Amino acid sequence: MDLSCFKAYDLRGCVPDQLNPKLAELIGRAYVEVTGAKKIIVGYDIRLSSREISEALCSGLMAAGADVYDIGLCGTEMVYFATSHYDMDGGIMVTASHNPRDHNGMKMVGPESRPISSDNGLNDIRDRVLEPFADAHDQGRYQTLETMSAYLDHLLGYINGADLKPLKLVVNAGNGGAGLVIDELEAHLPFEFLKVHHNPDGHFPNGVPNPILEENRVATADAVKASGAAMGIAWDGDYDRCFFFDENGRFIEGYYIVGLLADQFLRKTGPGKVIHDPRLIWNTLDLVAAAGGVAVESKTGHAFIKQRMRDEDAVYGGEMSAHHYFRDFAYCDSGMIPWLLVAERLCQAGCTLSSLIDARIEAYPASGEINRTIADPATVIAAIEAKYGADAKSVSHVDGVSVEYDDWRFNLRMSNTEPVVRLNVESRGDIPLMREKTDELLVEMERLNAL
């Protein structure tokens, strides 16, 4: 049996070769036997195969004796929310997020929406799939569960309605699931939503919803410029990530959104801890300190960030990849809370998004993440560290290698999910230096790769 759909953090694979209803049923049985869960939330995204796979998954869960609470078509964060809010034993979301349309997958959590990854049970579930099953003595029950109302109430609790003013916002769901939530929120907010690629459609007529790809940003940027909107927002398919465009249609790197959200959240909560990844850090450190918070560095990846959030009881955590985590959201990531907070900030400050971001870009210009396919990543990273680390101010190995000088720094790491090496470079207020060092590192990486 092909179990290549099991990855480090979740399940992802082509349908039906790597993931299909028969395998989904076995995965459901294995999930119950490995975790011991008795009450399980299940949801699914807008992909054409998702409902069938979800139904098979539910059959397997019930055959193993667990009760299923089906919340239907939704986003990943709704499974996180429902699992925690309704005190369930676990939750499973059927989704392939931003992957090609013929793919599907699953994201799994345990009690309190704690992530299940290869470090804490996912490999056990994979291995259990290969063993024979016997039906449980007591078949589990199936019921649907309406979650949207409680979820909306929770989202709206992050913002002060009295501070909100009319804003024109471009929203691009990428024909994923985010549009369903925007439609529900619309009645509660004084915003005018200009909806792009809004309707859920698993055929993805406008391309797979993945705003990381530059070609997928054009529709949002053009709509912002044409309409004079205050901001543009775009999501991936299961809307656990959101991406921002300023009033000029410029795409804002996720790094600067982390700093903005950290500042906004600490204004609300008072002093607290903020978790951030090690790729780009100086802007976040600056803003968190100025707001009276404490910045804590964590290895990149949602399983690591969520655990560190819990360990530190952090109020907020952010990754430059557009994952944003909140203590009151079961320490999980949400693609809806961030844009609500940014919109609130625009209303409170009475200024443009570019005015909030430009000064930060000037203070800490960054390369953005640059990916390169390298034959022997470990050897190349070690050689780069040997060359640049010798006279550096500091060298860190929280995730890959981070090398810091007085006026510039870089992080070089292997991807957790793809066969690439990722480079990020930033400087202190010196754009030419940042560009020079970025080019220099890329040339050196190519030289080493060719050896």
# chains A, B, ... in the order shown; residues from 1 in each chain; ligands from 1
call {"tool": "residues_around", "arguments": {"residues": "Gly237 (chain A)", "least_positions_apart": "6", "cutoff": "10 Å", "atoms": "only C-alpha atoms", "output": "PyMOL selection string"}}
result
chain A and resi 45-47+75-76+95-99+173-178+200+202+204+208-211
call {"tool": "write_last_selection", "arguments": {"atoms": "all heavy atoms", "output": "compact mmCIF listing (two decimals), in the first residue's frame"}}
result
# COMPACT_ATOMS: atom_id res chain seq x y z
N ASP A 45 -12.54 20.71 2.87
CA ASP A 45 -12.45 21.92 2.07
C ASP A 45 -13.21 21.76 0.75
O ASP A 45 -13.96 20.81 0.55
CB ASP A 45 -10.99 22.33 1.86
CG ASP A 45 -10.23 21.42 0.89
OD1 ASP A 45 -10.86 20.53 0.27
OD2 ASP A 45 -9.01 21.62 0.74
N ILE A 46 -12.99 22.71 -0.18
CA ILE A 46 -13.82 22.81 -1.38
C ILE A 46 -13.32 21.93 -2.53
O ILE A 46 -13.93 21.96 -3.62
CB ILE A 46 -13.90 24.28 -1.85
CG1 ILE A 46 -12.52 24.95 -1.88
CG2 ILE A 46 -14.82 25.06 -0.94
CD1 ILE A 46 -11.68 24.62 -3.03
N ARG A 47 -12.29 21.15 -2.33
CA ARG A 47 -11.79 20.32 -3.42
C ARG A 47 -12.83 19.27 -3.84
O ARG A 47 -13.62 18.80 -3.02
CB ARG A 47 -10.48 19.64 -2.99
CG ARG A 47 -9.35 20.64 -2.90
CD ARG A 47 -8.11 20.07 -2.26
NE ARG A 47 -7.11 21.13 -2.21
CZ ARG A 47 -6.19 21.34 -3.16
NH1 ARG A 47 -6.13 20.53 -4.19
NH2 ARG A 47 -5.35 22.35 -3.05
N GLY A 75 -12.95 25.78 6.71
CA GLY A 75 -11.51 25.98 6.62
C GLY A 75 -10.83 25.24 7.75
O GLY A 75 -11.45 24.86 8.76
N THR A 76 -9.53 25.05 7.61
CA THR A 76 -8.77 24.30 8.62
C THR A 76 -8.94 24.89 10.00
O THR A 76 -9.08 24.18 11.00
CB THR A 76 -7.29 24.26 8.23
OG1 THR A 76 -7.14 23.53 7.00
CG2 THR A 76 -6.46 23.59 9.30
N THR A 95 -8.04 18.42 3.55
CA THR A 95 -7.63 19.56 2.74
C THR A 95 -6.25 19.31 2.15
O THR A 95 -5.44 18.58 2.73
CB THR A 95 -7.59 20.86 3.57
OG1 THR A 95 -7.19 21.95 2.73
CG2 THR A 95 -6.61 20.75 4.73
N ALA A 96 -6.00 19.94 1.01
CA ALA A 96 -4.65 19.99 0.46
C ALA A 96 -4.20 21.43 0.32
O ALA A 96 -3.23 21.72 -0.39
CB ALA A 96 -4.58 19.27 -0.89
N SER A 97 -4.91 22.35 0.97
CA SER A 97 -4.53 23.76 1.05
C SER A 97 -4.23 24.35 -0.32
O SER A 97 -5.11 24.48 -1.16
CB SER A 97 -3.35 23.91 2.01
OG SER A 97 -3.03 25.26 2.20
N HIS A 98 -2.96 24.67 -0.58
CA HIS A 98 -2.56 25.36 -1.80
C HIS A 98 -1.92 24.41 -2.82
O HIS A 98 -1.36 24.87 -3.81
CB HIS A 98 -1.57 26.47 -1.46
CG HIS A 98 -0.34 25.97 -0.77
ND1 HIS A 98 -0.31 25.72 0.58
CD2 HIS A 98 0.89 25.65 -1.24
CE1 HIS A 98 0.89 25.28 0.91
NE2 HIS A 98 1.64 25.23 -0.17
N ASN A 99 -2.03 23.12 -2.59
CA ASN A 99 -1.43 22.16 -3.51
C ASN A 99 -2.29 22.00 -4.78
O ASN A 99 -3.43 22.47 -4.82
CB ASN A 99 -1.25 20.82 -2.80
CG ASN A 99 -0.09 20.86 -1.82
OD1 ASN A 99 1.06 20.68 -2.18
ND2 ASN A 99 -0.40 21.13 -0.56
N ALA A 173 -10.62 35.19 -2.30
CA ALA A 173 -10.63 33.84 -1.72
C ALA A 173 -9.97 32.83 -2.63
O ALA A 173 -9.77 31.67 -2.23
CB ALA A 173 -12.06 33.41 -1.42
N GLY A 174 -9.62 33.21 -3.86
CA GLY A 174 -9.00 32.26 -4.78
C GLY A 174 -9.88 31.07 -5.11
O GLY A 174 -9.38 30.01 -5.44
N ASN A 175 -11.22 31.28 -5.03
CA ASN A 175 -12.19 30.20 -5.21
C ASN A 175 -12.04 29.09 -4.16
O ASN A 175 -12.50 27.97 -4.36
CB ASN A 175 -12.12 29.59 -6.62
CG ASN A 175 -12.39 30.62 -7.71
OD1 ASN A 175 -11.52 30.92 -8.52
ND2 ASN A 175 -13.59 31.18 -7.71
N GLY A 176 -11.36 29.43 -3.04
CA GLY A 176 -11.29 28.51 -1.91
C GLY A 176 -12.44 28.76 -0.95
O GLY A 176 -13.51 29.23 -1.33
N GLY A 177 -12.22 28.50 0.32
CA GLY A 177 -13.31 28.55 1.30
C GLY A 177 -13.47 29.87 2.01
O GLY A 177 -14.48 30.06 2.71
N ALA A 178 -12.53 30.80 1.89
CA ALA A 178 -12.58 32.02 2.69
C ALA A 178 -13.81 32.86 2.41
O ALA A 178 -14.33 33.56 3.29
CB ALA A 178 -11.31 32.85 2.46
N PRO A 200 -16.64 29.51 -3.89
CA PRO A 200 -15.91 28.24 -3.77
C PRO A 200 -16.07 27.39 -5.02
O PRO A 200 -17.20 27.19 -5.50
CB PRO A 200 -16.56 27.57 -2.56
CG PRO A 200 -17.23 28.67 -1.81
CD PRO A 200 -17.66 29.67 -2.83
N GLY A 202 -13.99 23.94 -6.59
CA GLY A 202 -12.87 23.00 -6.55
C GLY A 202 -12.21 22.77 -7.89
O GLY A 202 -11.16 22.13 -7.96
N PHE A 204 -10.99 25.23 -9.43
CA PHE A 204 -9.99 26.32 -9.40
C PHE A 204 -9.85 26.98 -10.78
O PHE A 204 -8.79 26.93 -11.41
CB PHE A 204 -8.63 25.80 -8.92
CG PHE A 204 -8.66 25.26 -7.52
CD1 PHE A 204 -7.93 24.13 -7.18
CD2 PHE A 204 -9.41 25.87 -6.52
CE1 PHE A 204 -7.95 23.62 -5.89
CE2 PHE A 204 -9.43 25.37 -5.23
CZ PHE A 204 -8.71 24.24 -4.91
N VAL A 208 -4.80 27.48 -8.74
CA VAL A 208 -4.80 27.00 -7.36
C VAL A 208 -4.61 28.18 -6.41
O VAL A 208 -3.75 29.04 -6.65
CB VAL A 208 -3.68 25.97 -7.16
CG1 VAL A 208 -3.60 25.54 -5.70
CG2 VAL A 208 -3.91 24.75 -8.04
N PRO A 209 -5.43 28.28 -5.37
CA PRO A 209 -5.33 29.43 -4.45
C PRO A 209 -4.04 29.39 -3.62
O PRO A 209 -3.97 28.73 -2.59
CB PRO A 209 -6.58 29.29 -3.57
CG PRO A 209 -6.96 27.85 -3.65
CD PRO A 209 -6.54 27.38 -5.01
N ASN A 210 -3.05 30.12 -4.12
CA ASN A 210 -1.75 30.17 -3.44
C ASN A 210 -1.12 31.53 -3.70
O ASN A 210 -0.37 31.70 -4.67
CB ASN A 210 -0.83 29.06 -3.93
CG ASN A 210 0.50 29.05 -3.19
OD1 ASN A 210 0.67 29.75 -2.20
ND2 ASN A 210 1.44 28.28 -3.69
N PRO A 211 -1.40 32.53 -2.86
CA PRO A 211 -0.88 33.88 -3.09
C PRO A 211 0.62 34.01 -2.95
O PRO A 211 1.17 35.08 -3.23
CB PRO A 211 -1.61 34.72 -2.01
CG PRO A 211 -2.81 33.92 -1.64
CD PRO A 211 -2.38 32.49 -1.75
call {"tool": "residues_around", "arguments": {"residues": "region 116-121 of chain A", "least_positions_apart": "2", "cutoff": "12 Å", "atoms": "only C-alpha atoms", "output": "compact mmCIF listing (two decimals) with all heavy atoms, in the first residue's frame"}}
result
# COMPACT_ATOMS: atom_id res chain seq x y z
N PHE A 6 1.80 10.46 3.72
CA PHE A 6 2.16 10.85 5.09
C PHE A 6 3.43 11.70 5.04
O PHE A 6 4.48 11.23 4.60
CB PHE A 6 2.37 9.63 5.97
CG PHE A 6 1.10 9.00 6.46
CD1 PHE A 6 0.38 8.14 5.65
CD2 PHE A 6 0.62 9.28 7.73
CE1 PHE A 6 -0.80 7.56 6.08
CE2 PHE A 6 -0.56 8.70 8.19
CZ PHE A 6 -1.27 7.84 7.36
N LYS A 7 3.33 12.95 5.48
CA LYS A 7 4.46 13.87 5.49
C LYS A 7 4.86 14.18 6.94
O LYS A 7 4.38 13.54 7.87
CB LYS A 7 4.10 15.16 4.75
CG LYS A 7 3.51 14.94 3.36
CD LYS A 7 4.47 14.24 2.41
CE LYS A 7 3.88 14.13 1.01
NZ LYS A 7 4.76 13.40 0.08
N ALA A 8 5.71 15.18 7.12
CA ALA A 8 6.20 15.49 8.47
C ALA A 8 5.10 16.06 9.35
O ALA A 8 5.04 15.76 10.55
CB ALA A 8 7.36 16.49 8.37
N TYR A 9 4.22 16.89 8.78
CA TYR A 9 3.21 17.58 9.60
C TYR A 9 1.79 17.15 9.31
O TYR A 9 0.87 17.44 10.08
CB TYR A 9 3.29 19.10 9.37
CG TYR A 9 4.62 19.72 9.64
CD1 TYR A 9 5.21 20.58 8.72
CD2 TYR A 9 5.30 19.46 10.82
CE1 TYR A 9 6.44 21.16 8.97
CE2 TYR A 9 6.52 20.05 11.09
CZ TYR A 9 7.10 20.90 10.15
OH TYR A 9 8.31 21.48 10.40
N ASP A 10 1.57 16.52 8.14
CA ASP A 10 0.20 16.25 7.71
C ASP A 10 0.22 15.17 6.65
O ASP A 10 1.23 14.49 6.45
CB ASP A 10 -0.46 17.54 7.19
CG ASP A 10 0.39 18.23 6.12
OD1 ASP A 10 1.12 17.53 5.38
OD2 ASP A 10 0.34 19.47 6.02
N LEU A 11 -0.90 15.03 5.95
CA LEU A 11 -0.99 14.09 4.83
C LEU A 11 -1.28 14.89 3.57
O LEU A 11 -2.16 15.76 3.57
CB LEU A 11 -2.10 13.06 5.05
CG LEU A 11 -1.89 11.98 6.11
CD1 LEU A 11 -2.17 12.51 7.49
CD2 LEU A 11 -2.79 10.79 5.83
N ALA A 30 -7.19 3.88 12.07
CA ALA A 30 -5.88 3.96 12.72
C ALA A 30 -5.80 5.15 13.66
O ALA A 30 -5.21 5.06 14.75
CB ALA A 30 -4.79 4.06 11.65
N TYR A 31 -6.40 6.28 13.26
CA TYR A 31 -6.38 7.47 14.11
C TYR A 31 -6.99 7.16 15.48
O TYR A 31 -6.45 7.53 16.53
CB TYR A 31 -7.15 8.60 13.43
CG TYR A 31 -7.28 9.86 14.25
CD1 TYR A 31 -6.36 10.90 14.12
CD2 TYR A 31 -8.32 10.03 15.17
CE1 TYR A 31 -6.47 12.06 14.88
CE2 TYR A 31 -8.44 11.17 15.92
CZ TYR A 31 -7.51 12.18 15.78
OH TYR A 31 -7.64 13.33 16.54
N VAL A 32 -8.14 6.48 15.48
CA VAL A 32 -8.82 6.17 16.74
C VAL A 32 -8.00 5.20 17.57
O VAL A 32 -7.84 5.38 18.79
CB VAL A 32 -10.22 5.59 16.46
CG1 VAL A 32 -10.88 5.13 17.77
CG2 VAL A 32 -11.10 6.63 15.77
N GLU A 33 -7.46 4.17 16.95
CA GLU A 33 -6.72 3.16 17.71
C GLU A 33 -5.43 3.72 18.29
O GLU A 33 -5.01 3.34 19.39
CB GLU A 33 -6.45 1.94 16.82
CG GLU A 33 -7.72 1.22 16.42
CD GLU A 33 -7.48 -0.24 16.10
OE1 GLU A 33 -6.35 -0.73 16.28
OE2 GLU A 33 -8.45 -0.91 15.67
N VAL A 34 -4.77 4.62 17.57
CA VAL A 34 -3.52 5.20 18.06
C VAL A 34 -3.77 6.25 19.12
O VAL A 34 -3.07 6.30 20.14
CB VAL A 34 -2.70 5.78 16.88
CG1 VAL A 34 -1.52 6.61 17.40
CG2 VAL A 34 -2.19 4.66 15.99
N THR A 35 -4.76 7.12 18.91
CA THR A 35 -4.98 8.25 19.82
C THR A 35 -5.95 7.94 20.95
O THR A 35 -5.92 8.60 21.99
CB THR A 35 -5.53 9.47 19.06
OG1 THR A 35 -6.85 9.18 18.57
CG2 THR A 35 -4.61 9.85 17.90
N GLY A 36 -6.82 6.94 20.75
CA GLY A 36 -7.84 6.65 21.76
C GLY A 36 -8.98 7.64 21.76
O GLY A 36 -9.82 7.64 22.67
N TYR A 80 -9.78 23.47 14.00
CA TYR A 80 -9.03 23.81 15.21
C TYR A 80 -9.96 24.41 16.26
O TYR A 80 -9.93 24.04 17.44
CB TYR A 80 -7.93 24.83 14.89
CG TYR A 80 -6.85 24.38 13.97
CD1 TYR A 80 -6.11 25.31 13.24
CD2 TYR A 80 -6.53 23.03 13.79
CE1 TYR A 80 -5.09 24.92 12.38
CE2 TYR A 80 -5.52 22.64 12.94
CZ TYR A 80 -4.80 23.59 12.24
OH TYR A 80 -3.78 23.21 11.40
N GLY A 90 -10.26 15.17 19.46
CA GLY A 90 -9.40 15.37 18.30
C GLY A 90 -10.19 15.94 17.15
O GLY A 90 -11.41 16.11 17.21
N GLY A 91 -9.46 16.25 16.08
CA GLY A 91 -10.10 16.80 14.89
C GLY A 91 -9.28 16.48 13.66
O GLY A 91 -8.06 16.37 13.72
N ILE A 92 -9.96 16.32 12.53
CA ILE A 92 -9.29 16.05 11.26
C ILE A 92 -9.91 16.92 10.18
O ILE A 92 -11.13 16.93 10.00
CB ILE A 92 -9.40 14.57 10.85
CG1 ILE A 92 -8.86 13.66 11.96
CG2 ILE A 92 -8.65 14.31 9.54
CD1 ILE A 92 -9.03 12.17 11.68
N MET A 93 -9.07 17.64 9.46
CA MET A 93 -9.49 18.46 8.33
C MET A 93 -9.02 17.81 7.05
O MET A 93 -7.83 17.51 6.89
CB MET A 93 -8.89 19.86 8.46
CG MET A 93 -9.17 20.77 7.27
SD MET A 93 -10.92 21.20 7.16
CE MET A 93 -10.91 22.20 5.66
N MET A 106 -4.86 15.61 4.69
CA MET A 106 -5.50 15.74 6.00
C MET A 106 -4.57 16.47 6.96
O MET A 106 -3.34 16.28 6.90
CB MET A 106 -5.84 14.37 6.60
CG MET A 106 -6.81 13.54 5.80
SD MET A 106 -7.13 11.94 6.61
CE MET A 106 -7.96 11.07 5.27
N LYS A 107 -5.15 17.27 7.83
CA LYS A 107 -4.44 17.86 8.95
C LYS A 107 -5.11 17.36 10.21
O LYS A 107 -6.33 17.44 10.34
CB LYS A 107 -4.48 19.39 8.87
CG LYS A 107 -3.75 19.94 7.65
CD LYS A 107 -3.80 21.46 7.58
CE LYS A 107 -3.05 21.97 6.36
NZ LYS A 107 -3.12 23.45 6.24
N MET A 108 -4.31 16.85 11.15
CA MET A 108 -4.84 16.19 12.34
C MET A 108 -4.43 16.90 13.61
O MET A 108 -3.30 17.38 13.72
CB MET A 108 -4.34 14.74 12.40
CG MET A 108 -4.75 13.88 11.24
SD MET A 108 -4.10 12.18 11.41
CE MET A 108 -4.89 11.40 10.01
N VAL A 109 -5.34 16.95 14.56
CA VAL A 109 -5.03 17.48 15.88
C VAL A 109 -5.61 16.56 16.94
O VAL A 109 -6.50 15.75 16.68
CB VAL A 109 -5.59 18.91 16.07
CG1 VAL A 109 -4.89 19.89 15.14
CG2 VAL A 109 -7.11 18.95 15.86
N GLY A 110 -5.09 16.72 18.16
CA GLY A 110 -5.59 15.97 19.30
C GLY A 110 -6.38 16.88 20.23
O GLY A 110 -6.90 17.93 19.81
N PRO A 111 -6.50 16.53 21.51
CA PRO A 111 -7.23 17.38 22.46
C PRO A 111 -6.64 18.78 22.50
O PRO A 111 -5.44 18.98 22.32
CB PRO A 111 -7.02 16.66 23.80
CG PRO A 111 -6.71 15.24 23.44
CD PRO A 111 -5.96 15.31 22.14
N GLU A 112 -7.51 19.78 22.70
CA GLU A 112 -7.11 21.19 22.74
C GLU A 112 -6.46 21.63 21.42
O GLU A 112 -5.72 22.60 21.37
CB GLU A 112 -6.16 21.47 23.91
CG GLU A 112 -6.76 21.13 25.26
CD GLU A 112 -5.77 21.31 26.39
OE1 GLU A 112 -4.55 21.10 26.17
OE2 GLU A 112 -6.21 21.69 27.48
N SER A 113 -6.74 20.89 20.36
CA SER A 113 -6.20 21.18 19.02
C SER A 113 -4.68 21.16 18.99
O SER A 113 -4.05 21.88 18.22
CB SER A 113 -6.74 22.52 18.50
OG SER A 113 -8.11 22.42 18.21
N ARG A 114 -4.09 20.30 19.79
CA ARG A 114 -2.64 20.12 19.73
C ARG A 114 -2.30 19.38 18.45
O ARG A 114 -2.91 18.36 18.12
CB ARG A 114 -2.15 19.33 20.94
CG ARG A 114 -2.31 20.07 22.26
CD ARG A 114 -1.90 19.20 23.44
NE ARG A 114 -2.06 19.89 24.71
CZ ARG A 114 -1.09 20.56 25.33
NH1 ARG A 114 0.11 20.62 24.77
NH2 ARG A 114 -1.32 21.17 26.48
N ASN A 123 3.35 9.15 12.54
CA ASN A 123 4.01 7.94 12.02
C ASN A 123 3.38 6.68 12.59
O ASN A 123 3.31 5.63 11.92
CB ASN A 123 5.50 7.97 12.33
CG ASN A 123 6.25 9.00 11.51
OD1 ASN A 123 5.72 9.54 10.54
ND2 ASN A 123 7.48 9.31 11.91
N ASP A 124 2.90 6.75 13.84
CA ASP A 124 2.22 5.60 14.44
C ASP A 124 0.91 5.32 13.70
O ASP A 124 0.54 4.15 13.49
CB ASP A 124 1.93 5.86 15.92
CG ASP A 124 3.20 5.99 16.73
OD1 ASP A 124 4.20 5.34 16.38
OD2 ASP A 124 3.21 6.75 17.72
N ILE A 125 0.20 6.37 13.33
CA ILE A 125 -1.03 6.21 12.55
C ILE A 125 -0.72 5.58 11.20
O ILE A 125 -1.40 4.64 10.76
CB ILE A 125 -1.75 7.56 12.39
CG1 ILE A 125 -2.23 8.07 13.76
CG2 ILE A 125 -2.91 7.45 11.41
CD1 ILE A 125 -2.76 9.49 13.75
N ARG A 126 0.34 6.07 10.56
CA ARG A 126 0.76 5.50 9.27
C ARG A 126 1.07 4.01 9.42
O ARG A 126 0.60 3.19 8.61
CB ARG A 126 2.01 6.24 8.78
CG ARG A 126 2.60 5.72 7.48
CD ARG A 126 4.04 6.17 7.33
NE ARG A 126 4.88 5.65 8.42
CZ ARG A 126 6.07 6.15 8.75
NH1 ARG A 126 6.56 7.20 8.12
NH2 ARG A 126 6.76 5.60 9.73
N ASP A 127 1.82 3.64 10.42
CA ASP A 127 2.20 2.24 10.59
C ASP A 127 1.00 1.37 10.93
O ASP A 127 0.92 0.21 10.51
CB ASP A 127 3.26 2.12 11.68
CG ASP A 127 4.57 2.83 11.31
OD1 ASP A 127 4.78 3.11 10.11
OD2 ASP A 127 5.36 3.11 12.23
N ARG A 128 0.04 1.93 11.69
CA ARG A 128 -1.14 1.15 12.08
C ARG A 128 -2.03 0.84 10.88
O ARG A 128 -2.72 -0.19 10.86
CB ARG A 128 -1.93 1.92 13.16
CG ARG A 128 -3.16 1.18 13.68
CD ARG A 128 -2.77 -0.08 14.41
NE ARG A 128 -3.93 -0.89 14.79
CZ ARG A 128 -4.47 -1.82 14.01
NH1 ARG A 128 -3.96 -2.06 12.81
NH2 ARG A 128 -5.50 -2.52 14.44
N GLY A 301 7.92 26.23 11.39
CA GLY A 301 6.99 25.11 11.22
C GLY A 301 5.89 25.15 12.24
O GLY A 301 6.13 25.43 13.42
N HIS A 302 4.66 24.88 11.81
CA HIS A 302 3.52 25.09 12.70
C HIS A 302 3.57 24.21 13.95
O HIS A 302 3.19 24.66 15.05
CB HIS A 302 2.20 24.89 11.95
CG HIS A 302 1.77 23.46 11.80
ND1 HIS A 302 0.87 22.88 12.66
CD2 HIS A 302 2.11 22.50 10.92
CE1 HIS A 302 0.66 21.63 12.30
NE2 HIS A 302 1.41 21.37 11.25
N ALA A 303 4.07 22.98 13.84
CA ALA A 303 4.12 22.11 15.02
C ALA A 303 5.08 22.68 16.07
O ALA A 303 4.79 22.66 17.27
CB ALA A 303 4.54 20.71 14.62
N PHE A 304 6.21 23.23 15.61
CA PHE A 304 7.19 23.81 16.54
C PHE A 304 6.67 25.11 17.14
O PHE A 304 6.81 25.36 18.34
CB PHE A 304 8.51 24.05 15.81
CG PHE A 304 9.10 22.83 15.18
CD1 PHE A 304 9.19 22.72 13.81
CD2 PHE A 304 9.56 21.78 15.96
CE1 PHE A 304 9.72 21.59 13.22
CE2 PHE A 304 10.10 20.65 15.39
CZ PHE A 304 10.17 20.55 14.01
N LYS A 306 3.54 26.14 17.50
CA LYS A 306 2.41 25.91 18.41
C LYS A 306 2.88 25.37 19.76
O LYS A 306 2.35 25.77 20.80
CB LYS A 306 1.41 24.94 17.77
CG LYS A 306 0.63 25.56 16.62
CD LYS A 306 -0.23 24.52 15.92
CE LYS A 306 -1.00 25.14 14.77
NZ LYS A 306 -1.77 24.18 14.00
N GLN A 307 3.85 24.48 19.73
CA GLN A 307 4.36 23.96 21.00
C GLN A 307 5.06 25.05 21.78
O GLN A 307 4.89 25.15 23.00
CB GLN A 307 5.31 22.79 20.75
CG GLN A 307 5.77 22.09 22.03
CD GLN A 307 4.61 21.56 22.85
OE1 GLN A 307 3.75 20.85 22.32
NE2 GLN A 307 4.56 21.90 24.14
N ASN A 416 11.29 22.27 5.48
CA ASN A 416 10.70 21.13 6.17
C ASN A 416 9.80 20.31 5.25
O ASN A 416 9.46 19.17 5.55
CB ASN A 416 9.87 21.61 7.37
CG ASN A 416 10.72 22.21 8.45
OD1 ASN A 416 11.79 21.71 8.76
ND2 ASN A 416 10.25 23.30 9.04
call {"tool": "closest_residue", "arguments": {"among": "A:Phe326, A:Tyr255, A:Tyr142, A:Phe410", "to": "Arg422 (chain A)", "atoms": "only C-alpha atoms"}}
result
A:Phe410
call {"tool": "residues_around", "arguments": {"residues": "Ala359 (chain A)", "least_positions_apart": "3", "cutoff": "12 Å", "atoms": "only C-alpha atoms", "output": "number ranges by chain"}}
result
A: 256, 259-260, 283, 287, 353-356, 362-365, 429
call {"tool": "write_last_selection", "arguments": {"atoms": "C-alpha atoms", "output": "short mmCIF file (atom, residue, chain, number, x, y, z; two decimals), in the first residue's frame"}}
result
data_model
loop_
_atom_site.label_atom_id
_atom_site.label_comp_id
_atom_site.auth_asym_id
_atom_site.auth_seq_id
_atom_site.Cartn_x
_atom_site.Cartn_y
_atom_site.Cartn_z
CA TYR A 256 6.46 43.00 8.13
CA GLY A 259 5.77 42.94 13.36
CA LEU A 260 2.57 44.89 12.76
CA ASN A 283 11.96 44.26 12.72
CA LEU A 287 8.54 46.39 17.56
CA LEU A 353 -1.31 50.52 5.34
CA SER A 354 1.70 51.73 3.36
CA SER A 355 2.40 54.40 5.99
CA LEU A 356 2.51 51.70 8.67
CA GLU A 362 13.28 51.22 5.32
CA ALA A 363 14.53 50.36 8.80
CA TYR A 364 15.00 46.65 8.06
CA PRO A 365 15.06 45.94 4.31
CA GLY A 429 18.56 50.43 6.99
#
call {"tool": "select_by_dssp", "arguments": {"residues": "region 176-413 of chain A", "states": "strand (DSSP E)", "output": "number ranges by chain"}}
result
A: 192-196, 231-235, 242-245, 251-252, 273-276, 294-297, 316-318, 324-326, 332-333, 370-372, 394-396, 401-404, 408-413
call {"tool": "select_by_dssp", "arguments": {"residues": "region 324-356 of chain A", "states": "alpha helix (DSSP H)", "output": "JSON, numbers by chain"}}
result
{"A": [337, 338, 339, 340, 341, 342, 343, 344, 345, 346, 347, 348, 349, 353, 354, 355, 356]}
call {"tool": "residues_around", "arguments": {"residues": "Glu77 (chain A)", "least_positions_apart": "2", "cutoff": "10 Å", "atoms": "only C-alpha atoms", "output": "ChimeraX atom specification"}}
result
/A:43,74-75,79-83,93,113,151,238-241,329,332-336
call {"tool": "write_last_selection", "arguments": {"atoms": "C-alpha atoms", "output": "CSV table (one decimal), in the first residue's frame"}}
result
chain,number,residue,atom,x,y,z
A,43,GLY,CA,-14.4,19.0,8.3
A,74,CYS,CA,-15.1,24.7,6.2
A,75,GLY,CA,-11.5,26.0,6.6
A,79,VAL,CA,-11.6,22.4,12.8
A,80,TYR,CA,-9.0,23.8,15.2
A,81,PHE,CA,-11.7,26.1,16.7
A,82,ALA,CA,-14.4,23.4,17.0
A,83,THR,CA,-12.0,20.8,18.5
A,93,MET,CA,-9.5,18.5,8.3
A,113,SER,CA,-6.2,21.2,19.0
A,151,TYR,CA,-16.7,30.7,15.3
A,238,ASP,CA,-8.2,26.4,3.4
A,239,TYR,CA,-7.6,30.0,4.5
A,240,ASP,CA,-5.2,29.3,7.4
A,241,ARG,CA,-2.9,31.9,5.8
A,329,PHE,CA,-7.4,30.5,19.4
A,332,CYS,CA,-3.4,27.7,16.5
A,333,ASP,CA,-3.1,29.6,13.3
A,334,SER,CA,-5.9,31.6,11.7
A,335,GLY,CA,-6.2,33.4,8.4
A,336,MET,CA,-9.2,35.5,9.5
call {"tool": "residues_around", "arguments": {"residues": "Arg310 (chain A)", "least_positions_apart": "3", "cutoff": "9 Å", "atoms": "only C-alpha atoms", "output": "list in words"}}
result
Ile305, Lys306, Gln307, Asp313, Ala314, Arg327, Ala330 and Tyr331 of chain A
call {"tool": "closest_residue", "arguments": {"among": "A:Tyr316, A:Asp328, A:Arg279, A:Val342", "to": "Asp399 (chain A)", "atoms": "only C-alpha atoms"}}
result
A:Arg279
call {"tool": "closest_atom_pairs", "arguments": {"of": "region 103-181 of chain A", "to": "region 187-190 of chain A", "cutoff": "8 Å", "atoms": "only C-alpha atoms", "output": "CSV"}}
result
residue,atom,partner,partner_atom,distance
A:Gly161,CA,A:Leu189,CA,7.8
A:Leu164,CA,A:Pro190,CA,7.0
A:Lys165,CA,A:Pro190,CA,6.1
A:Pro166,CA,A:Pro190,CA,5.0
A:Leu167,CA,A:Pro190,CA,7.1
call {"tool": "write_last_selection", "arguments": {"atoms": "C-alpha atoms", "output": "compact mmCIF listing (two decimals), in the first residue's frame"}}
result
# COMPACT_ATOMS: atom_id res chain seq x y z
CA GLY A 161 -16.45 47.25 17.04
CA LEU A 164 -14.32 50.38 13.22
CA LYS A 165 -15.11 52.78 10.40
CA PRO A 166 -16.22 52.26 6.80
CA LEU A 167 -13.39 50.84 4.70
